[in-house]
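Engineer: Just passing along the structure, written as structure tokens.
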Amino acid sequence: MKKRLSIDLQQDLKKDLLKVKTDSLVIGVNEGRVLNPISTKIDKATKGVIKKLAKRKEFEGKVGQQAYIASPEGMSAERLYLIGFGKSKDSLSSEDLDKTLNSIINSIKSSKSTKVSICFPSLKYSNDSNNDSWFLQKMSTFLENKVYTYDAKLNKKNKAINHLRKVSVYLDSSLSANKQRKALKTGQVVGQGMNAAKDLANLPGNICTPSYLASTSRSAAKKYAKLNCKVFGEKEMKKMGMDCLLSVGNGSAQESKLISMSYQGGKKDDQPYAIVGKGITFDTGGISLKPGAAMDEMKFDMCGAASVIATMQVVAELKLPINVVGVVASAENMPGSKATKPGDVVKTMSGLTVEILNTDAEGRLVLADALTYVKRFKPKSVVDIATLTGAVIIALGYSTSGLMSNDDKLADDLLDAGQKSSDEAWRLPIWDVYQKDLDSNFADIANIGGRAGTITAACFLSRFTKDYPWAHLDVAGTASYKGLAKGGSGRPVPLLSQYLIDKA
Ligand code: BES
Ligand code: MN
Ligand code: ZN
């Protein structure tokens, strides 16, 4: 994985504040008339800049406020940025901290700084499970994530320039330096994972094909001794009875692939955690063709797969002492003379037959066989990740992933990991009342049915996951951005990584 930044702890920053040679010095300032020791030092050196700004009500240290001093007097830094952290007695929520981090990155980016030192004040957290280690990890992920640029296919002269290279961090904390460094490193690796997922998401469908996902997975595995990768082509899948998965790629010239990665960080017999990604490298809808508007966004239909490939690298890079299996079911969904038609019936690897009433409900078809395939690993839990339904956007919008599960403990663990990593999910029910929507006159089940589109899609998957604790993340709304910011978001790599970190 590509590292775009150097992020280090700078323990002596507090005492070297005035001497530190840097493009930008960023100081977290609390609100209120009595300044903390760090702000006092800065205020004195600059002949009262902080107090003056507060008096003029230009900058009072409210959460997320920012002020810029171009050539600060009495110090070696080229620029000084003041960032508000609220009253020192107040505890901060995750959203408050996001505001401060956004102000910091905006400041740094607008100044085109290369080298930056950030000095955080002592922090109190409004959520009991948050602490300094959590904050440093979060901050580090945030920074690495924010310096991402995608210009792989741009002419040299049009390439974006990322100025920021080096960030040095000081946090007023009682946590040991080693623990602080570990948190920074963990956070940065998760950020790199997000960026790896974004790179795959952003590549166009003519480049990022099932074969491309397979070769990317293979080369990722080569970088880590404990990471392995096996790829099955159409012939091998046919032998395993994966007609349901294969039916999706029938109209495409691109060969469908099943990618099976495994990471051995635990003992040989430790049951693995499995993650399974939907890897539709382009979803035209097939014979049930989608309308033309914004169809280009269906290149993002492999974001579940990207999150699996990236998370496997995060786990390997962090050397987590657990076993993890990552499976990607990949195909291109195209119309054509060999394409699957509405009404066609196919047999799944599990033996159940499926009446394909709508060829645009293809994600569940590739996942059905992949979810049957992972049974052989006797997994402790299985989480599938898929841009599965437009309906999840109607239910939860673009900020929250849909979570459905047959196991309350697993669901809670994932919701918790999502909250910790600011990669939120919300649970929807998959009660029996929804299951009958999948009844078919011509096969064991139909691939669509009912009004609750996100839930019935999960109900379909649940027919193949009865043998293990399973959860499904519908990331159709969260894995990519629309409009001006169009592109992969790197989600849900933070949630998945945090879930596995918590298990390690
Ligand atoms: N890949 C789409 C879901 C999707 C929609 C992802 C919008 C991102 C943004 C999926 O394959 C699909 O087409 N689902 C259909 C299901 C329907 C035919 C039951 C949908 O949501 O319309
Ligand atoms: Mn579709
Ligand atoms: Zn799709």
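Please note that chains go A, B, ... in the order of the structure tokens, that every chain numbers its residues from 1, and that ligands are numbered from 1 in the order shown.
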Mind listing the residues within 6 Å of ligand 1, only C-alpha atoms and all ligand atoms counted, as a list in words?
Structural biologist: Gly285, Asp301, Asn358, Asp360, Ala361, Glu362, Gly363, Thr387, Leu388, Thr389, Gly390, Ala391, Ile448 and Ala476 of chain A
Engineer: Could you pull out the helix (DSSP H, G or I) residues of segment 66-213 of chain A, going by DSSP on the backbone, and write them as a PyMOL selection string?
Structural biologist: chain A and resi 94-111+132-146+156-158+177-202+210-213
Engineer: For each of A:Lys179, A:Arg33, A:Lys47, A:Lys41, take the minimum atom-to-atom distance to Asp16 of chain A, counting only C-alpha atoms, then give the residue where this is smallest.
Structural biologist: A:Lys41
Engineer: Can you pull out the residues contacting segment 167-173 of chain A? Cut-off 6 Å, using only C-alpha atoms, and skip same-chain residues under 6 positions away; I want them as a list in words.
Structural biologist: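 Once the nearby chain positions are removed, what remains is Ile7, Asp8, Leu9, Gln10, Gln11, Val116, Ser117, Ile118, Cys119, Phe120, Pro121 and Ser122 of chain A.
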Engineer: Taking only segment 312-436 of chain A into account, list the residues labelled strand (DSSP E or B) by DSSP (computed from the backbone), as a ChimeraX atom specification.
Structural biologist: /A:323-333,344-347,353-356,381-386,401-405,425-427
Engineer: For segment 337-340 of chain A, list every protein, DNA or RNA residue within 9 Å, evaluated using only C-alpha atoms, and leave out those in the same chain fewer than 6 positions away; present the list as a list in words.
Structural biologist: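 The residues that qualify are Ser247, Val248, Gly249, Asn250, Gly251, Ser252, Gly286, Ile287, Ile356 and Thr359 of chain A.
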Engineer: Extract, using only C-alpha atoms, all DNA, RNA and protein residues at most 12 Å from segment 317-323 of chain A, discarding same-chain residues fewer than 2 positions from it, and format them as JSON, numbers by chain.
Structural biologist: {"A": [1, 2, 3, 182, 183, 184, 185, 186, 187, 188, 189, 190, 192, 193, 220, 221, 223, 224, 225, 226, 227, 228, 261, 262, 263, 264, 265, 266, 267, 268, 269, 270, 271, 272, 273, 274, 275, 310, 311, 312, 313, 314, 315, 325, 326, 377, 378, 379, 380, 381, 497, 498, 499, 500, 501, 502, 503, 504]}
Engineer: Just the residues within 7 Å of Gln435 of chain A, please, counting only C-alpha atoms, with nothing from its chain fewer than 2 positions along; format it as a list of chain:residue names.
Structural biologist: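 My list of contacting residues is A:Asp432, A:Val433, A:Asp437, A:Leu438, A:Thr456, A:Cys459.
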Engineer: A:Ala457, A:Ile161, A:Ile309, A:Leu403: which is nearest ligand 3, counting only C-alpha atoms and all ligand atoms?
Structural biologist: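 The answer is A:Ala457, which sits nearest to ligand 3.
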Engineer: Closest to Gly277 of chain A among A:Pro492, A:Pro469, A:Gly241, A:Gly64, using only C-alpha atoms?
Structural biologist: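 When distances to Gly277 of chain A are compared using only C-alpha atoms, the smallest one comes from A:Pro492.
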Engineer: Quick one, how far is atom CA of Met139 of chain A from atom CA of Leu101 of chain A?
Structural biologist: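 Computed distance, atom CA of Met139 of chain A to atom CA of Leu101 of chain A, equals 7.2 Å.
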Engineer: Looking at A:Pro37, A:Gly304, A:Gly86, A:Gly487, which one is nearest to ligand 3, with distances taken over only C-alpha atoms and all ligand atoms?
Structural biologist: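 Closest to ligand 3 of all the choices is A:Gly304.
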